[in-house]
Amino acid sequence: MGAGMESDHWPHGSCDGCGRSLAQLRHRASGFFESLSVAELGRETHRHLWVSDWLRVADDYRTFAKFAGEDGTIPTAREAWLCALTALEVVRSVSCPGDVEAADFANEVDISLKGLADDAGPAIERVTLEGFDEAPLTGFFVPALCRTSSAPAVICVGDEDITLGSMMIRLLPASLRHNISLLLVDARHSSARRPFKPEQMLQCWLDYLQGRADVDPQRIAIYGEGAGAGHASRLARADRRLAAAVCDGGLLSPVMCRASLRWMTDVEQAALDASVPVSMMAPRQLPCPLLMVVGSRSMMLEQDALELQSAYRQAGADCSVVVPSRIPHPLGEVENFVAVDDFIFEWLDSKLGSAPQLEDVTYL
């Protein structure tokens with residue numbers, strides 16, 4: 001793959017149309033993940049080669065973005081910054097400690113994020129909601145590419161360890177193909193020291209979006225990762241203003257209860273799973289369409305997701321499941337984040353826009 005990357009380098013002049021080279025780079029990154037060899041991924045020499053190649057791609061786009069910004073071709077510069085960030089996310093996905101210097105890598109990400117923010121100008125709005133006990137709520141609003149008075153919007157909330165920048169790196173490039181605004185919110189402000197629950201904090205953001213003139217109040221969705229997938233489920237269950245939810249379906253709490261019961265009673269996993277099926281522990285039906293993403297984004301197992309989906313569908317709910325292809329990695333698993341993010345926004349578009357409906361269960 002290293003040789004192919006080098007021979008297939010995009011020359012600096014390739015960023016000549018808004019969206020074109022970003023789409024090409026994302027296609028290339030997706031193909032890279034699809035062709036990954038499990039055996040090679042576990043070998044340090046191969047990972048170092050891939051890391052070196054993708055760092056070089058990121059550096060090329062970052063250099064071009066700076067030149068484009070200085071020349072005043074701001075849309076091209078913005079696109080190049082997104083290309084650089086996408087390449088850096090590939091590096092983060094496949095690397096292990098020691099494959100790349102953590103401090104240097106973090107600095108490269110910060111430089112690219114700052115460059116994107118500088119060249120995007122008012123297109124990325126920093127939002128602060130005041131009046132929340134010791135600290136205000138903070139987030140970033142990115143309007144839909146085609147500005148209208150009625151664009152749909154998605155509240156994006158991550159895990160406690162996921163920064164706004166890391167979510168923006170992945171979600172913003174994927175959203176550009178769809179006329180959807182993003183509101184990325186800081187889940188770390190939902191800490192235990194606050195007197196209210198995370199879903200109450202998210203309701204504040206929902207109120208904020210409904211008050212914006214450029215957001216369609218009838219087409220607001222929520223997307224959650226990690227612990228944020230559980231927060232998204234609770235908000236979708238409690239607030240009927242949401243039109244769609246990418247969440248864990250309310251699975252995290254009962255699964256955690258089951259794990260605690262197993263620990264307290266020393267019951268074997270298989271016996272406990274058979275005696276307490278997920279469908280029996282499912283919460284009451286979510287009133288909006290929901291998508292459950294199997295894997296690290298929601299900490300869901302495929303069997304649990306399909307079982308919970310069956311229970312929801314028997315109750316008449318609109319429930320879909322996507323199962324990403326996961327590749328064994330020395331530190332766990334690697335997912336094709338490009339394919340997963342593209343599918344999530346296709347699903348959101350099918351619920352918030354006029355895109356065709358997708359299959360109930362999709363394997364990537």
# chains A, B, ... in the order shown; residues from 1 in each chain; ligands from 1
call {"tool": "residues_around", "arguments": {"residues": "stretch 319-328 of chain A", "least_positions_apart": "5", "cutoff": "9 Å", "atoms": "only C-alpha atoms", "output": "ChimeraX atom specification"}}
result
/A:33-34,36-38,41-42,249,288-295,302,305-306,309-310,312-313,333-337,339-340,343-344,358-364
call {"tool": "residues_around", "arguments": {"residues": "A:Ile74", "least_positions_apart": "5", "cutoff": "8 Å", "atoms": "only C-alpha atoms", "output": "count of residues only"}}
result
4
call {"tool": "residues_around", "arguments": {"residues": "stretch 100-104 of chain A", "least_positions_apart": "4", "cutoff": "8 Å", "atoms": "only C-alpha atoms", "output": "mmCIF file with N, CA and C atoms, in the first residue's frame"}}
result
data_model
loop_
_atom_site.group_PDB
_atom_site.id
_atom_site.type_symbol
_atom_site.label_atom_id
_atom_site.label_comp_id
_atom_site.auth_asym_id
_atom_site.auth_seq_id
_atom_site.Cartn_x
_atom_site.Cartn_y
_atom_site.Cartn_z
ATOM 1 N N HIS A 48 4.242 1.511 10.254
ATOM 2 C CA HIS A 48 5.095 2.695 10.113
ATOM 3 C C HIS A 48 5.072 3.209 8.684
ATOM 4 N N VAL A 51 1.656 4.877 8.192
ATOM 5 C CA VAL A 51 1.631 6.142 8.930
ATOM 6 C C VAL A 51 2.443 7.196 8.190
ATOM 7 N N SER A 95 -2.548 3.669 13.831
ATOM 8 C CA SER A 95 -1.279 3.730 14.559
ATOM 9 C C SER A 95 -1.399 3.204 15.981
ATOM 10 N N CYS A 96 -0.266 2.771 16.507
ATOM 11 C CA CYS A 96 -0.108 2.363 17.898
ATOM 12 C C CYS A 96 0.893 3.309 18.555
ATOM 13 N N GLU A 108 0.057 18.606 14.792
ATOM 14 C CA GLU A 108 -0.380 18.653 13.394
ATOM 15 C C GLU A 108 -1.899 18.778 13.304
#
call {"tool": "closest_residue", "arguments": {"among": "A:Leu235, A:Met201, A:Val109, A:Val154", "to": "A:Leu184", "atoms": "only C-alpha atoms"}}
result
A:Val154
call {"tool": "closest_residue", "arguments": {"among": "A:Leu202, A:Leu88, A:Ala39, A:Val157", "to": "A:Leu55", "atoms": "only C-alpha atoms"}}
result
A:Leu88
